[in-house]
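Structure file final_23.pdb; described as PDB, C-alpha atoms.
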ATOM      1  CA  GLU A1327       0.000   0.000   0.000
ATOM      2  CA  PRO A1328       1.458   3.367  -1.008
ATOM      3  CA  GLU A1329       2.416   5.685   1.825
ATOM      4  CA  VAL A1330       1.330   9.307   1.577
ATOM      5  CA  THR A1331       2.166  12.103   3.964
ATOM      6  CA  GLN A1332       0.598  15.532   4.138
ATOM      7  CA  THR A1333       1.852  18.748   5.674
ATOM      8  CA  PRO A1334       0.886  20.574   7.732
ATOM      9  CA  SER A1335      -1.472  18.410   9.744
ATOM     10  CA  HIS A1336      -3.349  21.517  10.861
ATOM     11  CA  GLN A1337      -3.328  25.005   9.331
ATOM     12  CA  VAL A1338      -5.056  28.013  10.809
ATOM     13  CA  THR A1339      -5.336  31.099   8.630
ATOM     14  CA  GLN A1340      -7.161  34.368   8.374
ATOM     15  CA  MET A1341      -9.842  34.883   5.762
ATOM     16  CA  GLY A1342      -8.347  36.254   2.548
ATOM     17  CA  GLN A1343      -4.912  34.711   3.103
ATOM     18  CA  GLU A1344      -3.256  32.254   0.760
ATOM     19  CA  VAL A1345      -2.536  28.724   1.936
ATOM     20  CA  ILE A1346      -0.527  25.922   0.403
ATOM     21  CA  LEU A1347      -1.200  22.334   1.389
ATOM     22  CA  ARG A1348       1.419  19.726   0.578
ATOM     23  CA  CYS A1349       1.259  16.055  -0.268
ATOM     24  CA  VAL A1350       4.351  13.880  -0.380
ATOM     25  CA  PRO A1351       3.998  10.359  -1.710
ATOM     26  CA  ILE A1352       6.815   8.091  -0.616
ATOM     27  CA  SER A1353       7.229   6.422  -3.982
ATOM     28  CA  ASN A1354       6.659   7.553  -7.535
ATOM     29  CA  HIS A1355       3.104   7.967  -8.672
ATOM     30  CA  LEU A1356       1.570   9.374 -11.774
ATOM     31  CA  TYR A1357      -1.949  10.182 -10.632
ATOM     32  CA  PHE A1358      -2.733  12.543  -7.762
ATOM     33  CA  TYR A1359      -6.002  13.684  -6.305
ATOM     34  CA  TRP A1360      -7.303  16.232  -3.813
ATOM     35  CA  TYR A1361     -10.508  15.750  -1.883
ATOM     36  CA  ARG A1362     -12.039  17.726   0.954
ATOM     37  CA  GLN A1363     -14.379  16.900   3.793
ATOM     38  CA  ILE A1364     -16.245  19.698   5.501
ATOM     39  CA  LEU A1365     -16.959  18.779   9.103
ATOM     40  CA  GLY A1366     -19.865  16.382   9.306
ATOM     41  CA  GLN A1367     -20.250  16.091   5.544
ATOM     42  CA  LYS A1368     -19.215  13.664   2.851
ATOM     43  CA  VAL A1369     -15.838  13.521   1.182
ATOM     44  CA  GLU A1370     -15.902  15.561  -2.046
ATOM     45  CA  PHE A1371     -13.616  15.352  -5.062
ATOM     46  CA  LEU A1372     -11.738  18.502  -5.998
ATOM     47  CA  VAL A1373      -9.202  17.708  -8.709
ATOM     48  CA  SER A1374      -7.058  15.014 -10.277
ATOM     49  CA  PHE A1375      -3.613  15.591 -11.730
ATOM     50  CA  TYR A1376      -1.687  13.490 -14.230
ATOM     51  CA  ASN A1377       1.526  14.127 -16.077
ATOM     52  CA  ASN A1378       1.734  17.684 -14.755
ATOM     53  CA  GLU A1379      -1.743  18.571 -15.949
ATOM     54  CA  ILE A1380      -5.186  18.706 -14.439
ATOM     55  CA  SER A1381      -7.021  15.596 -15.610
ATOM     56  CA  GLU A1382     -10.416  16.229 -14.061
ATOM     57  CA  LYS A1383     -11.906  18.803 -11.699
ATOM     58  CA  SER A1384     -15.166  19.384  -9.892
ATOM     59  CA  GLU A1385     -17.341  22.466  -9.674
ATOM     60  CA  ILE A1386     -15.789  23.197  -6.300
ATOM     61  CA  PHE A1387     -12.361  23.662  -7.890
ATOM     62  CA  ASP A1388     -12.786  27.242  -9.053
ATOM     63  CA  ASP A1389     -10.221  29.944  -9.854
ATOM     64  CA  GLN A1390      -9.293  30.251  -6.179
ATOM     65  CA  PHE A1391      -7.700  26.816  -6.307
ATOM     66  CA  SER A1392      -4.598  25.614  -8.124
ATOM     67  CA  VAL A1393      -2.407  22.514  -8.062
ATOM     68  CA  GLU A1394       1.128  21.799  -9.111
ATOM     69  CA  ARG A1395       4.144  19.546  -8.608
ATOM     70  CA  PRO A1396       6.808  22.174  -8.042
ATOM     71  CA  ASP A1397       9.777  19.833  -7.685
ATOM     72  CA  GLY A1398       8.637  16.520  -9.109
ATOM     73  CA  SER A1399       7.840  14.995  -5.739
ATOM     74  CA  ASN A1400       5.622  17.313  -3.683
ATOM     75  CA  PHE A1401       2.078  17.803  -4.902
ATOM     76  CA  THR A1402       0.503  21.025  -3.691
ATOM     77  CA  LEU A1403      -2.948  22.539  -3.441
ATOM     78  CA  LYS A1404      -3.041  26.320  -3.231
ATOM     79  CA  ILE A1405      -6.023  28.357  -2.154
ATOM     80  CA  ARG A1406      -5.388  31.957  -3.153
ATOM     81  CA  SER A1407      -7.812  33.845  -0.960
ATOM     82  CA  THR A1408      -9.362  31.675   1.695
ATOM     83  CA  LYS A1409     -12.986  31.965   2.708
ATOM     84  CA  LEU A1410     -14.678  30.781   5.879
ATOM     85  CA  GLU A1411     -16.344  27.990   3.905
ATOM     86  CA  ASP A1412     -12.953  26.608   2.884
ATOM     87  CA  SER A1413     -12.554  25.273   6.411
ATOM     88  CA  ALA A1414     -12.382  21.523   5.972
ATOM     89  CA  MET A1415     -10.165  18.474   6.040
ATOM     90  CA  TYR A1416      -8.186  18.205   2.805
ATOM     91  CA  PHE A1417      -7.049  14.776   1.675
ATOM     92  CA  CYS A1418      -4.464  13.934  -0.924
ATOM     93  CA  ALA A1419      -4.718  10.579  -2.680
ATOM     94  CA  VAL A1420      -2.481   8.686  -5.076
ATOM     95  CA  LEU A1421      -3.247   5.906  -7.465
ATOM     96  CA  GLU A1422      -1.716   2.550  -6.562
ATOM     97  CA  GLN A1423       1.648   2.304  -8.261
ATOM     98  CA  GLY A1424       1.515  -0.131 -11.129
ATOM     99  CA  GLY A1425      -2.206  -0.547 -10.577
ATOM    100  CA  THR A1426      -5.079   1.174 -12.212
ATOM    101  CA  ASP A1427      -7.995   1.221  -9.856
ATOM    102  CA  THR A1428      -7.301   2.053  -6.249
ATOM    103  CA  GLN A1429      -6.666   5.411  -4.604
ATOM    104  CA  TYR A1430      -4.792   5.582  -1.330
ATOM    105  CA  PHE A1431      -5.290   8.544   0.952
ATOM    106  CA  GLY A1432      -3.005  10.589   3.111
ATOM    107  CA  PRO A1433      -3.875  11.501   6.711
ATOM    108  CA  GLY A1434      -5.254  14.884   5.721
ATOM    109  CA  THR A1435      -4.678  18.546   6.561
ATOM    110  CA  ARG A1436      -7.238  20.282   8.712
ATOM    111  CA  LEU A1437      -7.674  23.839   7.434
ATOM    112  CA  THR A1438      -9.355  26.343   9.717
ATOM    113  CA  VAL A1439     -10.197  29.753   8.272
ATOM    114  CA  LEU A1440     -10.974  32.456  10.830
TER     115      LEU A1440
ATOM    116  CA  ALA B 625     -23.093  10.819 -13.477
ATOM    117  CA  GLN B 626     -22.623   8.728 -10.374
ATOM    118  CA  SER B 627     -24.016   8.780  -6.876
ATOM    119  CA  VAL B 628     -23.902   6.736  -3.694
ATOM    120  CA  THR B 629     -26.538   6.354  -1.023
ATOM    121  CA  GLN B 630     -25.686   4.960   2.359
ATOM    122  CA  LEU B 631     -28.759   4.042   4.333
ATOM    123  CA  GLY B 632     -28.377   4.846   7.999
ATOM    124  CA  SER B 633     -26.030   7.572   9.125
ATOM    125  CA  HIS B 634     -25.600   5.751  12.444
ATOM    126  CA  VAL B 635     -25.586   2.020  13.103
ATOM    127  CA  SER B 636     -25.170   0.529  16.551
ATOM    128  CA  VAL B 637     -24.444  -3.144  17.174
ATOM    129  CA  SER B 638     -23.369  -5.227  20.134
ATOM    130  CA  GLU B 639     -19.921  -6.716  20.249
ATOM    131  CA  GLY B 640     -20.051 -10.093  18.513
ATOM    132  CA  ALA B 641     -23.144  -9.236  16.474
ATOM    133  CA  LEU B 642     -23.416  -9.080  12.704
ATOM    134  CA  VAL B 643     -22.440  -5.807  11.063
ATOM    135  CA  LEU B 644     -24.394  -4.734   7.981
ATOM    136  CA  LEU B 645     -23.746  -1.353   6.396
ATOM    137  CA  ARG B 646     -25.808  -0.577   3.338
ATOM    138  CA  CYS B 647     -24.642   1.059   0.133
ATOM    139  CA  ASN B 648     -26.569   1.608  -3.078
ATOM    140  CA  TYR B 649     -25.058   3.241  -6.101
ATOM    141  CA  SER B 650     -26.123   4.816  -9.326
ATOM    142  CA  SER B 651     -23.840   4.835 -12.343
ATOM    143  CA  SER B 652     -24.375   5.312 -16.069
ATOM    144  CA  VAL B 653     -21.245   3.259 -16.794
ATOM    145  CA  PRO B 654     -19.865   0.061 -15.233
ATOM    146  CA  PRO B 655     -18.684   0.966 -11.745
ATOM    147  CA  TYR B 656     -15.786   0.273  -9.510
ATOM    148  CA  LEU B 657     -16.904   0.212  -5.883
ATOM    149  CA  PHE B 658     -14.961   0.768  -2.696
ATOM    150  CA  TRP B 659     -15.412   0.814   1.043
ATOM    151  CA  TYR B 660     -13.141   3.052   3.094
ATOM    152  CA  VAL B 661     -12.943   3.340   6.886
ATOM    153  CA  GLN B 662     -12.081   6.483   8.805
ATOM    154  CA  TYR B 663     -11.038   6.256  12.438
ATOM    155  CA  PRO B 664     -11.277   9.417  14.556
ATOM    156  CA  ASN B 665      -8.837  12.112  13.469
ATOM    157  CA  GLN B 666      -7.335   9.883  10.802
ATOM    158  CA  GLY B 667      -7.424   9.592   7.032
ATOM    159  CA  LEU B 668      -9.298   7.159   4.836
ATOM    160  CA  GLN B 669      -8.154   3.558   4.809
ATOM    161  CA  LEU B 670      -9.202   1.159   2.072
ATOM    162  CA  LEU B 671     -11.217  -1.785   3.387
ATOM    163  CA  LEU B 672     -12.037  -3.526   0.125
ATOM    164  CA  LYS B 673     -12.852  -2.968  -3.513
ATOM    165  CA  TYR B 674     -14.857  -4.375  -6.398
ATOM    166  CA  THR B 675     -13.297  -3.913  -9.817
ATOM    167  CA  SER B 676     -15.305  -6.259 -12.041
ATOM    168  CA  ALA B 677     -13.751  -9.517 -10.918
ATOM    169  CA  ALA B 678     -15.405 -11.666  -8.227
ATOM    170  CA  THR B 679     -18.690 -10.198  -6.990
ATOM    171  CA  LEU B 680     -17.992 -11.234  -3.394
ATOM    172  CA  VAL B 681     -14.914  -9.424  -2.203
ATOM    173  CA  LYS B 682     -13.060  -9.858   1.045
ATOM    174  CA  GLY B 683     -11.192  -7.071   2.744
ATOM    175  CA  ILE B 684      -9.172  -6.360   5.810
ATOM    176  CA  ASN B 685     -10.311  -6.911   9.397
ATOM    177  CA  GLY B 686     -12.815  -9.603   8.426
ATOM    178  CA  PHE B 687     -15.054  -7.383   6.317
ATOM    179  CA  GLU B 688     -16.576  -8.442   3.025
ATOM    180  CA  ALA B 689     -18.998  -6.990   0.499
ATOM    181  CA  GLU B 690     -21.054  -8.361  -2.349
ATOM    182  CA  PHE B 691     -21.655  -6.530  -5.602
ATOM    183  CA  LYS B 692     -25.232  -7.065  -6.779
ATOM    184  CA  LYS B 693     -25.788  -5.436 -10.124
ATOM    185  CA  SER B 694     -29.529  -6.177 -10.198
ATOM    186  CA  GLU B 695     -29.963  -4.366  -6.893
ATOM    187  CA  THR B 696     -27.260  -1.741  -7.552
ATOM    188  CA  SER B 697     -25.937  -2.521  -4.106
ATOM    189  CA  PHE B 698     -22.590  -3.088  -2.446
ATOM    190  CA  HIS B 699     -23.395  -3.763   1.203
ATOM    191  CA  LEU B 700     -20.600  -4.242   3.723
ATOM    192  CA  THR B 701     -20.791  -7.056   6.259
ATOM    193  CA  LYS B 702     -18.806  -8.580   9.074
ATOM    194  CA  PRO B 703     -20.017 -11.682  10.938
ATOM    195  CA  SER B 704     -18.895 -10.583  14.387
ATOM    196  CA  ALA B 705     -18.324  -6.981  15.452
ATOM    197  CA  HIS B 706     -15.322  -6.006  17.522
ATOM    198  CA  MET B 707     -14.948  -2.900  19.631
ATOM    199  CA  SER B 708     -12.133  -1.767  17.358
ATOM    200  CA  ASP B 709     -14.549  -1.638  14.400
ATOM    201  CA  ALA B 710     -16.116   1.541  15.745
ATOM    202  CA  ALA B 711     -15.458   4.137  13.038
ATOM    203  CA  GLU B 712     -16.989   5.979  10.080
ATOM    204  CA  TYR B 713     -17.447   3.910   6.940
ATOM    205  CA  PHE B 714     -17.674   5.383   3.455
ATOM    206  CA  CYS B 715     -18.862   3.705   0.297
ATOM    207  CA  ALA B 716     -17.477   5.162  -2.931
ATOM    208  CA  VAL B 717     -17.927   4.631  -6.656
ATOM    209  CA  SER B 718     -15.841   5.490  -9.674
ATOM    210  CA  ALA B 719     -16.300   4.862 -13.345
ATOM    211  CA  ALA B 720     -14.660   1.725 -14.707
ATOM    212  CA  MET B 721     -13.118   3.612 -17.592
ATOM    213  CA  ASP B 722      -9.815   5.308 -18.238
ATOM    214  CA  THR B 723      -8.455   2.237 -16.479
ATOM    215  CA  GLY B 724     -10.135   3.362 -13.271
ATOM    216  CA  ARG B 725      -8.381   6.655 -12.767
ATOM    217  CA  ARG B 726     -11.551   8.660 -12.442
ATOM    218  CA  ALA B 727     -12.614  10.565  -9.377
ATOM    219  CA  LEU B 728     -14.326   8.850  -6.500
ATOM    220  CA  THR B 729     -17.861   9.802  -5.540
ATOM    221  CA  PHE B 730     -18.511   9.151  -1.877
ATOM    222  CA  GLY B 731     -21.602   8.420   0.137
ATOM    223  CA  SER B 732     -22.428  10.404   3.241
ATOM    224  CA  GLY B 733     -20.914   7.814   5.523
ATOM    225  CA  THR B 734     -22.202   5.537   8.267
ATOM    226  CA  ARG B 735     -20.929   5.829  11.804
ATOM    227  CA  LEU B 736     -20.664   2.397  13.384
ATOM    228  CA  GLN B 737     -20.912   2.125  17.155
ATOM    229  CA  VAL B 738     -20.091  -1.145  18.899
ATOM    230  CA  GLN B 739     -21.609  -1.654  22.314
ATOM    231  CA  PRO B 740     -19.866  -3.912  24.834
TER     232      PRO B 740
END
As a first step, turn the structure in this file into structure tokens.
Amino acid sequence: EPEVTQTPSHQVTQMGQEVILRCVPISNHLYFYWYRQILGQKVEFLVSFYNNEISEKSEIFDDQFSVERPDGSNFTLKIRSTKLEDSAMYFCAVLEQGGTDTQYFGPGTRLTVL
Amino acid sequence: AQSVTQLGSHVSVSEGALVLLRCNYSSSVPPYLFWYVQYPNQGLQLLLKYTSAATLVKGINGFEAEFKKSETSFHLTKPSAHMSDAAEYFCAVSAAMDTGRRALTFGSGTRLQVQP
């Protein structure tokens, strides 16, 4: 099972500030995903990323969000100007290496926007 | 379009009793189906998956699920509940296309409580 770490584990920010959430898979992967879970709600898909391009994105993933792999290993989610409603748990996931059907999730980053 | 319905946001069983968590899906294309478990303050851990092979799939910790196309269901069961099974369980579906790299659509989750 692929190992995925996420930093920070908890981020507190003021409304309107930019935040960057990081995902570090231990081994090489080609497909990356971001999901979020607002407290008490279901897990929602944000975006998938393959070969340095966005592969698929949801309606939630608007112009305030961006993703990139700045150094070939980290996978980041940036929120340019945070809103109160961005407060949620953000999960990174990677596709099983060599496999084609299973996503493995990191422990998540809890984002709190004040 | 895909969707998942999990009947029962909370399920309580006694230790040693059967666990049954219900999941129904809707998909316009052949689905892949997954069950994930989330322990308090932790991420999502894969329990088991159906990817068009055997319809009865076995996962970790003694859980299993059966894919029933006619009923569009993928219910999760465990013969005998253990206290450590207390957690939130999520059913998820993705399209069986693009070799399964599509986004997951999750249900609302079912919180399982195990009474001593």
Would you write out, as a ChimeraX atom specification, every residue that the PyMOL selection byres ((chain A and resi 1404-1416) around 8) captures in this file?
/A:1340-1347,1360-1365,1390-1393,1402-1403,1417-1418,1434-1440
On this structure, the PyMOL selection byres ((chain A) within 8 of (chain B)) would catch which residues? List them as a PDB file with C-alpha atoms, keeping the file's coordinate frame, sorted by chain and number.
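File produced: part-v5.pdb:
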ATOM      1  CA  TYR A1357      -1.949  10.182 -10.632  1.00  0.00           C
ATOM      2  CA  TYR A1359      -6.002  13.684  -6.305  1.00  0.00           C
ATOM      3  CA  GLN A1367     -20.250  16.091   5.544  1.00  0.00           C
ATOM      4  CA  LYS A1368     -19.215  13.664   2.851  1.00  0.00           C
ATOM      5  CA  VAL A1369     -15.838  13.521   1.182  1.00  0.00           C
ATOM      6  CA  GLU A1370     -15.902  15.561  -2.046  1.00  0.00           C
ATOM      7  CA  PHE A1371     -13.616  15.352  -5.062  1.00  0.00           C
ATOM      8  CA  VAL A1373      -9.202  17.708  -8.709  1.00  0.00           C
ATOM      9  CA  SER A1374      -7.058  15.014 -10.277  1.00  0.00           C
ATOM     10  CA  GLU A1382     -10.416  16.229 -14.061  1.00  0.00           C
ATOM     11  CA  PHE A1417      -7.049  14.776   1.675  1.00  0.00           C
ATOM     12  CA  LEU A1421      -3.247   5.906  -7.465  1.00  0.00           C
ATOM     13  CA  THR A1426      -5.079   1.174 -12.212  1.00  0.00           C
ATOM     14  CA  ASP A1427      -7.995   1.221  -9.856  1.00  0.00           C
ATOM     15  CA  THR A1428      -7.301   2.053  -6.249  1.00  0.00           C
ATOM     16  CA  TYR A1430      -4.792   5.582  -1.330  1.00  0.00           C
ATOM     17  CA  PHE A1431      -5.290   8.544   0.952  1.00  0.00           C
ATOM     18  CA  GLY A1432      -3.005  10.589   3.111  1.00  0.00           C
ATOM     19  CA  PRO A1433      -3.875  11.501   6.711  1.00  0.00           C
ATOM     20  CA  GLY A1434      -5.254  14.884   5.721  1.00  0.00           C
TER      21      GLY A1434
END
- List as a list of chain:residue names: which residues have an atom within 9 Å of (-12.6, -15.2, 6.1), counting only C-alpha atoms? B:Lys682, B:Gly683, B:Gly686, B:Phe687, B:Glu688
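For the pair CA of Ala677 (chain B) and CA of Gln626 (chain B), the separation is 20.3 Å.
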**OP:** Could you give me, as a list in words, the residues that have an atom at most 10 Å away from the point (-20.0, -9.0, -11.7) in the coordinates of the file, using all atoms listed in the file?
**Re:**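 Protein, DNA and RNA residues close to (-20.0, -9.0, -11.7): Pro654, Tyr674, Thr675, Ser676, Ala677, Ala678, Thr679, Leu680, Glu690, Phe691, Lys692 and Lys693 of chain B.
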task: Find the distance between CA of Val738 (chain B) and CA of His634 (chain B) and write it in Å to one decimal.
output: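 Computed distance, CA of Val738 (chain B) to CA of His634 (chain B), equals 10.9 Å.
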Hey, can you check how far CA of Leu1356 (chain A) sits from CA of Glu1329 (chain A)?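 Distance between the two atoms: 14.1 Å.
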Explicit residues for the PyMOL selection byres ((chain B and resi 711) around 7) (as a list of chain:residue names):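 When the PyMOL selection byres ((chain B and resi 711) around 7) is applied to the shown file, the picked residues are B:Val661, B:Gln662, B:Tyr663, B:Pro664, B:Asp709, B:Ala710, B:Glu712, B:Tyr713, B:Arg735, B:Leu736.
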Counting only C-alpha atoms, the residue among B:Leu642, B:Trp659, B:Cys647, B:Ala705 that lies closest to Gln1429 (chain A) is B:Trp659
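Between Gln630 (chain B) and the residues B:Leu700, B:Val681, B:Met707, B:Ala689, the shortest atom-to-atom distance, using all atoms listed in the file, involves B:Leu700.
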Give me region 1414-1440 of chain A with N, CA and C atoms filled in, as a PDB file, in the frame of the given file.
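Produced file result.pdb, reproduced below:
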ATOM      1  N   ALA A1414     -12.079  22.930   6.263  1.00  0.00           N
ATOM      2  CA  ALA A1414     -12.382  21.523   5.972  1.00  0.00           C
ATOM      3  C   ALA A1414     -11.127  20.699   6.197  1.00  0.00           C
ATOM      4  N   MET A1415     -11.296  19.402   6.083  1.00  0.00           N
ATOM      5  CA  MET A1415     -10.165  18.474   6.040  1.00  0.00           C
ATOM      6  C   MET A1415      -9.855  18.243   4.571  1.00  0.00           C
ATOM      7  N   TYR A1416      -8.590  18.398   4.194  1.00  0.00           N
ATOM      8  CA  TYR A1416      -8.186  18.205   2.805  1.00  0.00           C
ATOM      9  C   TYR A1416      -7.325  16.956   2.707  1.00  0.00           C
ATOM     10  N   PHE A1417      -7.753  16.037   1.840  1.00  0.00           N
ATOM     11  CA  PHE A1417      -7.049  14.776   1.675  1.00  0.00           C
ATOM     12  C   PHE A1417      -6.395  14.717   0.304  1.00  0.00           C
ATOM     13  N   CYS A1418      -5.158  14.269   0.309  1.00  0.00           N
ATOM     14  CA  CYS A1418      -4.464  13.934  -0.924  1.00  0.00           C
ATOM     15  C   CYS A1418      -4.606  12.428  -1.135  1.00  0.00           C
ATOM     16  N   ALA A1419      -4.692  12.008  -2.376  1.00  0.00           N
ATOM     17  CA  ALA A1419      -4.718  10.579  -2.680  1.00  0.00           C
ATOM     18  C   ALA A1419      -3.836  10.309  -3.881  1.00  0.00           C
ATOM     19  N   VAL A1420      -3.285   9.095  -3.933  1.00  0.00           N
ATOM     20  CA  VAL A1420      -2.481   8.686  -5.076  1.00  0.00           C
ATOM     21  C   VAL A1420      -3.018   7.365  -5.595  1.00  0.00           C
ATOM     22  N   LEU A1421      -2.818   7.164  -6.883  1.00  0.00           N
ATOM     23  CA  LEU A1421      -3.247   5.906  -7.465  1.00  0.00           C
ATOM     24  C   LEU A1421      -2.184   4.855  -7.177  1.00  0.00           C
ATOM     25  N   GLU A1422      -2.623   3.658  -6.854  1.00  0.00           N
ATOM     26  CA  GLU A1422      -1.716   2.550  -6.562  1.00  0.00           C
ATOM     27  C   GLU A1422      -0.681   2.409  -7.665  1.00  0.00           C
ATOM     28  N   GLN A1423       0.572   2.388  -7.280  1.00  0.00           N
ATOM     29  CA  GLN A1423       1.648   2.304  -8.261  1.00  0.00           C
ATOM     30  C   GLN A1423       1.601   0.987  -9.009  1.00  0.00           C
ATOM     31  N   GLY A1424       1.588   1.075 -10.315  1.00  0.00           N
ATOM     32  CA  GLY A1424       1.515  -0.131 -11.129  1.00  0.00           C
ATOM     33  C   GLY A1424       0.104  -0.657 -11.265  1.00  0.00           C
ATOM     34  N   GLY A1425      -0.813  -0.125 -10.502  1.00  0.00           N
ATOM     35  CA  GLY A1425      -2.206  -0.547 -10.577  1.00  0.00           C
ATOM     36  C   GLY A1425      -3.027   0.514 -11.276  1.00  0.00           C
ATOM     37  N   THR A1426      -4.267   0.240 -11.439  1.00  0.00           N
ATOM     38  CA  THR A1426      -5.079   1.174 -12.212  1.00  0.00           C
ATOM     39  C   THR A1426      -6.389   1.530 -11.560  1.00  0.00           C
ATOM     40  N   ASP A1427      -6.641   1.057 -10.337  1.00  0.00           N
ATOM     41  CA  ASP A1427      -7.995   1.221  -9.856  1.00  0.00           C
ATOM     42  C   ASP A1427      -8.158   1.652  -8.418  1.00  0.00           C
ATOM     43  N   THR A1428      -7.127   1.787  -7.666  1.00  0.00           N
ATOM     44  CA  THR A1428      -7.301   2.053  -6.249  1.00  0.00           C
ATOM     45  C   THR A1428      -6.552   3.302  -5.818  1.00  0.00           C
ATOM     46  N   GLN A1429      -7.272   4.196  -5.129  1.00  0.00           N
ATOM     47  CA  GLN A1429      -6.666   5.411  -4.604  1.00  0.00           C
ATOM     48  C   GLN A1429      -6.375   5.230  -3.112  1.00  0.00           C
ATOM     49  N   TYR A1430      -5.199   5.653  -2.726  1.00  0.00           N
ATOM     50  CA  TYR A1430      -4.792   5.582  -1.330  1.00  0.00           C
ATOM     51  C   TYR A1430      -4.635   7.001  -0.796  1.00  0.00           C
ATOM     52  N   PHE A1431      -5.170   7.199   0.406  1.00  0.00           N
ATOM     53  CA  PHE A1431      -5.290   8.544   0.952  1.00  0.00           C
ATOM     54  C   PHE A1431      -4.233   8.846   2.000  1.00  0.00           C
ATOM     55  N   GLY A1432      -3.845  10.111   2.034  1.00  0.00           N
ATOM     56  CA  GLY A1432      -3.005  10.589   3.111  1.00  0.00           C
ATOM     57  C   GLY A1432      -3.841  10.873   4.345  1.00  0.00           C
ATOM     58  N   PRO A1433      -3.170  11.280   5.444  1.00  0.00           N
ATOM     59  CA  PRO A1433      -3.875  11.501   6.711  1.00  0.00           C
ATOM     60  C   PRO A1433      -4.692  12.789   6.747  1.00  0.00           C
ATOM     61  N   GLY A1434      -4.451  13.674   5.783  1.00  0.00           N
ATOM     62  CA  GLY A1434      -5.254  14.884   5.721  1.00  0.00           C
ATOM     63  C   GLY A1434      -4.614  16.088   6.374  1.00  0.00           C
ATOM     64  N   THR A1435      -5.034  17.272   5.932  1.00  0.00           N
ATOM     65  CA  THR A1435      -4.678  18.546   6.561  1.00  0.00           C
ATOM     66  C   THR A1435      -5.972  19.216   6.970  1.00  0.00           C
ATOM     67  N   ARG A1436      -6.048  19.562   8.245  1.00  0.00           N
ATOM     68  CA  ARG A1436      -7.238  20.282   8.712  1.00  0.00           C
ATOM     69  C   ARG A1436      -6.998  21.776   8.542  1.00  0.00           C
ATOM     70  N   LEU A1437      -7.788  22.403   7.686  1.00  0.00           N
ATOM     71  CA  LEU A1437      -7.674  23.839   7.434  1.00  0.00           C
ATOM     72  C   LEU A1437      -8.790  24.565   8.173  1.00  0.00           C
ATOM     73  N   THR A1438      -8.398  25.522   8.983  1.00  0.00           N
ATOM     74  CA  THR A1438      -9.355  26.343   9.717  1.00  0.00           C
ATOM     75  C   THR A1438      -9.177  27.786   9.274  1.00  0.00           C
ATOM     76  N   VAL A1439     -10.239  28.367   8.732  1.00  0.00           N
ATOM     77  CA  VAL A1439     -10.197  29.753   8.272  1.00  0.00           C
ATOM     78  C   VAL A1439     -10.999  30.611   9.255  1.00  0.00           C
ATOM     79  N   LEU A1440     -10.324  31.597   9.819  1.00  0.00           N
ATOM     80  CA  LEU A1440     -10.974  32.456  10.830  1.00  0.00           C
ATOM     81  C   LEU A1440     -11.416  33.792  10.242  1.00  0.00           C
TER      82      LEU A1440
END
